[in-house]
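These notes are about the structure you will find just below.
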Amino acid sequence: MHDSSPDAWERLIDQLLESPRYGERWAQHWLDVVRYAESDGYRQDAYRPDASRYRDYVIASLNDDKPYDQFVREQLAGDEFNPDDPDVLIGTAFLRHGIYEYNQRNARMHWELIVNEMTNVTGEVFLGLGIGCAQCHDHKFDPILQKDYYALQAFLASTCWPTDMPLTDAQSKDEHDAMLARWEKETAEIRGKIDAMLEPTYAARARSVIKQFPEDIQAMCDKPADQRSTYEQQMVMLVERQIDRKSTDVDGEKAFAKKPEKLAEFKALMEQLKAFDDLKPKPLPTGFVATDVSSQPATTFMLTRTGKQVVEPAFLTLLNEPLPKIEPTETTTGRRRALAKWVASAENPLSTRVIVNRLWQYHFGRGIVATPNDVGMLGEPPSHPQLLDWLTSRFIEGGWKMKPIHRMIMMSATYQQTARREPSQKESLVDPENRLLWRFEPTRLDAEQVRDGMLAASGELSHRLGGASVSGDSTVRSIYVKKIRNTPDPQLGKLDAPMGFESAPTRPQTTTPTQALTLVNGDWTLKRAMAMAKSLLKGKDSISATEIEEAYWRLFARQPSDEEINMTLQFVDSILTEPVKAAEPVEPQRQVPRRNRFATDQQRIRGRHDGDLGRQGFMDSARKPF
């Protein structure tokens, strides 16, 4: 309904910001930037069922208007700030959204790729710097030294990706541990006998995996755990993940199938163990999270012409910052916490401007700095540098909250400009690309908006808050559709949704035949059209102006004209009343010999078929089959 009251626009903005849909919409932007996906990538591309909890964390954080500095700290070092709060700990999933190849045998190279990827994406997401160029040499354009790259990496180099870290509150964990301790005590003897029987099978499988690695990695696996360095433990953890996958399908009954006495003994022990099931607690939920191997940091090296050089954690040399104050915890190095504090500091000249620029970007289609992941010399200069500084100051003064910035931008006269304004001669000469925003820049709908818009128009869009991801065949919002790197959802993938292999600060805007064909004749699209028709007709076998008006409101958010109503009624009537004509038989065409076909085509193109036919003659002849 049209609202002409003076505060109508402001109330609409507040309504949108308070809607749960706000978090779902803006979470998609953040997930693009942090390369979120729910599969490992590479050829194996295993599904990550627990990754979706990070998506829910981002949605909840945005809906709650969590201060951005807190948001940053939780993602870089939530386990070091508040390890007992699952709603904080899940933020560290940011560190493990990268590609992972579980069956990689070159463990050293594999871990180097993982740590480099974490370093690069941390620089891009939070600092807006493409620091990857400094991995091999001093940056050729930005004042970033090679030493700076590895000093940043030193904050992250001790990270590990546990598979069994509980994601629950302290009280629930204590209750679980107490119950588990009792069960273990009562079943110790039985489990000891079962483990003794299966140990040879487990050992054989473990050895078959370990022997596929280089000899130095095998030696690390053979070391007692308390004698390994942090780096050695990281290598062993990569090996152990492969051992665990190899051992998940160990079946005692199959192992002893040819040994009747052993089989009977194994079954008897398993029956005895089942008698204690009422004492055994349910497994705690585990998180797709990151932490440190221990409080002992891994050594970070930089290769130089004279050999390896040890690099300690430090901030960018350009900023002339003091060395970080690092305080280890009982289980972590404290390095990521120091990094997070610096990134989320009001004095950091990069991080605050980067996030404010991203907010502006998603409102106007282009940031004040049009290259949001690279605000350095290789990126574009800001179109309104003073405006970016001013907005950043307001952002910090407002407690690092995003909603006030959204409100400020949308209440501005610049945002409320029309897109239906043609440039004057001066504007065409001075600012043909509209970088100075003399009108609102028209923006295309992105993949999720198109899919969700179809579901809204068909009346099928179903709402939810969180939960496991589902197939794209469902009718939930696109934010909850599974994101598999090597097998993207057909509807979203064709419309340029990023695949999650790397940070995507912007999306390409392509126009391809497959997009048009999918939107017109795609199976998913046709199902939505059928659902919309059923929703409009509500069981009736005829259509009236009422249904047409509702369809126009759903599709175009406006009232149809009388001409459009009549045209639609005539079109529907013609479909329902005109009989389907049988296809006329087609006379077989004489086959033109291959050597003459080209000449025949050329004659038509030149307009010399039966004389110079002119343009109309050419068009008529071109319609005939060659």
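Residues are referred to by chain and number: the chain letter is A, B, ... according to the order shown in the structure tokens, the number counts from 1 in that chain, and ligands are numbered separately from 1 in the order shown.
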
List the spatial neighbours of stretch 413-429 of chain A as a VMD selection string - criterion: any atom at most 9 Å away, only C-alpha atoms, same-chain residues fewer than 5 positions off excluded. chain A and resid 363 to 364 434 437 to 442

Which stretch 285-377 of chain A residues have any atom within 9 Å of an atom of stretch 46-69 of chain A, and for each, what is the nearest pair of atoms with distance in Å to one decimal, counting only C-alpha atoms, rows sorted by chain and number, as a tab-separated table?
residue	atom	partner	partner_atom	distance
A:Thr286	CA	A:Asp50	CA	7.9
A:Gly287	CA	A:Asp50	CA	6.4
A:Phe288	CA	A:Asp50	CA	5.6
A:Val289	CA	A:Ala51	CA	8.8
A:Ala340	CA	A:Asp69	CA	8.6
A:Lys341	CA	A:Asp69	CA	8.4
A:Val343	CA	A:Asp69	CA	8.1
A:Ala344	CA	A:Asp69	CA	4.7
A:Ser345	CA	A:Asp69	CA	7.4
A:Ala346	CA	A:Asp69	CA	8.7
A:Thr352	CA	A:Asp69	CA	8.9
A:Ile355	CA	A:Tyr68	CA	8.6

Choose the residue, out of A:Ile368, A:Met197, A:Gly379, A:Asn103, that has the smallest atom-to-atom separation from A:Lys246; count only C-alpha atoms.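 Looking only at the distances to A:Lys246, the closest residue turns out to be A:Asn103.
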
With 7 Å as the cut-off and only C-alpha atoms counted, what is the closest atom pair between each nearby residue of stretch 478-576 of chain A and stretch 20-36 of chain A? Distances in Å to one decimal, ordered by chain and number, as JSON lines.
{"residue": "A:Ile479", "atom": "CA", "partner": "A:Gln28", "partner_atom": "CA", "distance": 6.5}
{"residue": "A:Pro498", "atom": "CA", "partner": "A:Asp32", "partner_atom": "CA", "distance": 6.8}
{"residue": "A:Gly500", "atom": "CA", "partner": "A:Arg35", "partner_atom": "CA", "distance": 4.5}
{"residue": "A:Phe501", "atom": "CA", "partner": "A:Arg35", "partner_atom": "CA", "distance": 6.2}
{"residue": "A:Glu502", "atom": "CA", "partner": "A:Arg35", "partner_atom": "CA", "distance": 5.1}
{"residue": "A:Ser503", "atom": "CA", "partner": "A:Arg35", "partner_atom": "CA", "distance": 4.6}
{"residue": "A:Ala504", "atom": "CA", "partner": "A:Val33", "partner_atom": "CA", "distance": 4.9}
{"residue": "A:Pro505", "atom": "CA", "partner": "A:Val33", "partner_atom": "CA", "distance": 5.1}

Proximity to A:Ala203 - best of A:Asp244, A:Asp164, A:Asp3, A:Asp169, only C-alpha atoms: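 The shortest atom-to-atom distance to A:Ala203 comes from A:Asp244.
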
I'd like the contact shell of stretch 322-335 of chain A - 9 Å cut-off, only C-alpha atoms, skipping same-chain residues fewer than 4 positions apart - returned as a list in words. Ala77, Asp79, Glu80, Ala154, Phe155, Leu156, Ser158, Thr159, Thr291, Asp292, Val293, Ser294, Ser295, Gln296, Pro297, Pro313, Ala314, Phe315, Leu339, Ala340 and Trp342 of chain A

Could you take the residues named above and write them with N, CA and C atoms, as a short mmCIF file (atom, residue, chain, number, x, y, z; two decimals), in the first residue's frame?
data_model
loop_
_atom_site.label_atom_id
_atom_site.label_comp_id
_atom_site.auth_asym_id
_atom_site.auth_seq_id
_atom_site.Cartn_x
_atom_site.Cartn_y
_atom_site.Cartn_z
N ALA A 77 40.27 -15.57 16.13
CA ALA A 77 40.79 -16.17 17.37
C ALA A 77 39.69 -16.39 18.40
N ASP A 79 38.63 -19.06 19.65
CA ASP A 79 39.05 -20.07 20.62
C ASP A 79 39.98 -19.50 21.67
N GLU A 80 40.63 -18.38 21.39
CA GLU A 80 41.54 -17.77 22.35
C GLU A 80 40.85 -16.70 23.19
N ALA A 154 53.19 -15.83 10.41
CA ALA A 154 53.63 -16.35 11.70
C ALA A 154 52.52 -16.33 12.74
N PHE A 155 51.56 -15.40 12.60
CA PHE A 155 50.42 -15.37 13.51
C PHE A 155 49.53 -16.61 13.33
N LEU A 156 49.51 -17.15 12.12
CA LEU A 156 48.58 -18.21 11.75
C LEU A 156 49.22 -19.59 11.64
N SER A 158 50.59 -21.77 13.47
CA SER A 158 50.44 -22.85 14.46
C SER A 158 49.04 -23.45 14.46
N THR A 159 48.22 -23.04 13.50
CA THR A 159 46.82 -23.46 13.45
C THR A 159 46.70 -24.94 13.10
N THR A 291 41.89 -24.18 15.76
CA THR A 291 42.57 -23.78 17.00
C THR A 291 44.07 -23.96 16.76
N ASP A 292 44.87 -23.87 17.81
CA ASP A 292 46.31 -24.10 17.69
C ASP A 292 46.65 -25.52 18.13
N VAL A 293 47.77 -26.02 17.64
CA VAL A 293 48.22 -27.35 18.03
C VAL A 293 48.50 -27.39 19.53
N SER A 294 49.16 -26.36 20.03
CA SER A 294 49.50 -26.26 21.45
C SER A 294 49.91 -24.83 21.73
N SER A 295 50.44 -24.61 22.90
CA SER A 295 50.92 -23.26 23.24
C SER A 295 52.30 -22.98 22.65
N GLN A 296 52.93 -24.01 22.07
CA GLN A 296 54.24 -23.84 21.45
C GLN A 296 54.07 -23.50 19.98
N PRO A 297 54.56 -22.34 19.53
CA PRO A 297 54.32 -21.93 18.13
C PRO A 297 55.18 -22.71 17.15
N PRO A 313 56.24 -12.97 14.47
CA PRO A 313 55.02 -12.21 14.18
C PRO A 313 55.27 -10.71 14.29
N ALA A 314 54.77 -9.97 13.32
CA ALA A 314 54.90 -8.51 13.32
C ALA A 314 53.87 -7.94 12.37
N PHE A 315 53.60 -6.65 12.50
CA PHE A 315 52.65 -5.97 11.64
C PHE A 315 53.39 -5.35 10.45
N LEU A 339 46.90 -10.80 16.68
CA LEU A 339 46.57 -10.34 15.33
C LEU A 339 45.15 -9.78 15.29
N ALA A 340 44.21 -10.49 15.92
CA ALA A 340 42.81 -10.06 15.90
C ALA A 340 42.65 -8.71 16.58
N TRP A 342 44.81 -6.33 16.75
CA TRP A 342 45.35 -5.29 15.88
C TRP A 342 44.41 -5.00 14.71
#

Name all residues at most 8 Å from A:Tyr100 (count only C-alpha atoms; drop same-chain ones fewer than 5 positions away) and give them as a CSV table (one decimal) with N, CA and C atoms, in the first residue's frame.
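part.csv was written with the following content:
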chain,number,residue,atom,x,y,z
A,40,ASP,N,35.2,-29.9,0.0
A,40,ASP,CA,36.7,-29.7,0.1
A,40,ASP,C,37.3,-29.1,-1.1
A,41,GLY,N,36.7,-29.3,-2.3
A,41,GLY,CA,37.3,-28.8,-3.5
A,41,GLY,C,38.2,-29.9,-4.0
A,42,TYR,N,39.1,-29.6,-5.0
A,42,TYR,CA,39.9,-30.5,-5.7
A,42,TYR,C,39.0,-31.7,-6.3
A,114,ILE,N,48.0,-24.7,2.4
A,114,ILE,CA,46.9,-24.4,3.4
A,114,ILE,C,47.3,-23.1,4.1

Quick check for you: according to DSSP on this backbone, which residues of stretch 137-383 of chain A are classed as alpha helix (DSSP H)? Reply as a PyMOL selection string. chain A and resi 146-156+170-210+215-222+230-247+252-255+260-274+335-343+351-364

Using only C-alpha atoms, determine which residues lie at most 9 Å from stretch 254-266 of chain A, disregarding the query and same-chain residues fewer than 5 positions distant; provide the list as a VMD selection string. chain A and resid 193 to 194 197 to 198 201 271

Keeping N, CA, C and O atoms for every residue in the selection just given, could you write it to a file as a tab-separated table (two decimals), in the first residue's frame?
chain	number	residue	atom	x	y	z
A	193	LYS	N	39.34	-55.84	25.85
A	193	LYS	CA	39.38	-57.11	25.10
A	193	LYS	C	39.00	-56.89	23.63
A	193	LYS	O	39.62	-57.48	22.73
A	194	ILE	N	37.99	-56.02	23.39
A	194	ILE	CA	37.59	-55.74	22.01
A	194	ILE	C	38.73	-55.04	21.25
A	194	ILE	O	39.05	-55.40	20.11
A	197	MET	N	41.45	-57.38	20.23
A	197	MET	CA	41.09	-58.21	19.08
A	197	MET	C	41.18	-57.43	17.77
A	197	MET	O	41.60	-57.97	16.74
A	198	LEU	N	40.79	-56.15	17.78
A	198	LEU	CA	40.78	-55.36	16.55
A	198	LEU	C	42.08	-54.61	16.28
A	198	LEU	O	42.28	-54.10	15.17
A	201	THR	N	44.05	-55.26	13.04
A	201	THR	CA	43.41	-54.72	11.84
A	201	THR	C	43.65	-53.22	11.73
A	201	THR	O	44.01	-52.70	10.67
A	271	GLU	N	27.85	-57.83	22.83
A	271	GLU	CA	26.59	-57.92	23.55
A	271	GLU	C	26.75	-57.45	25.00
A	271	GLU	O	25.87	-56.77	25.55
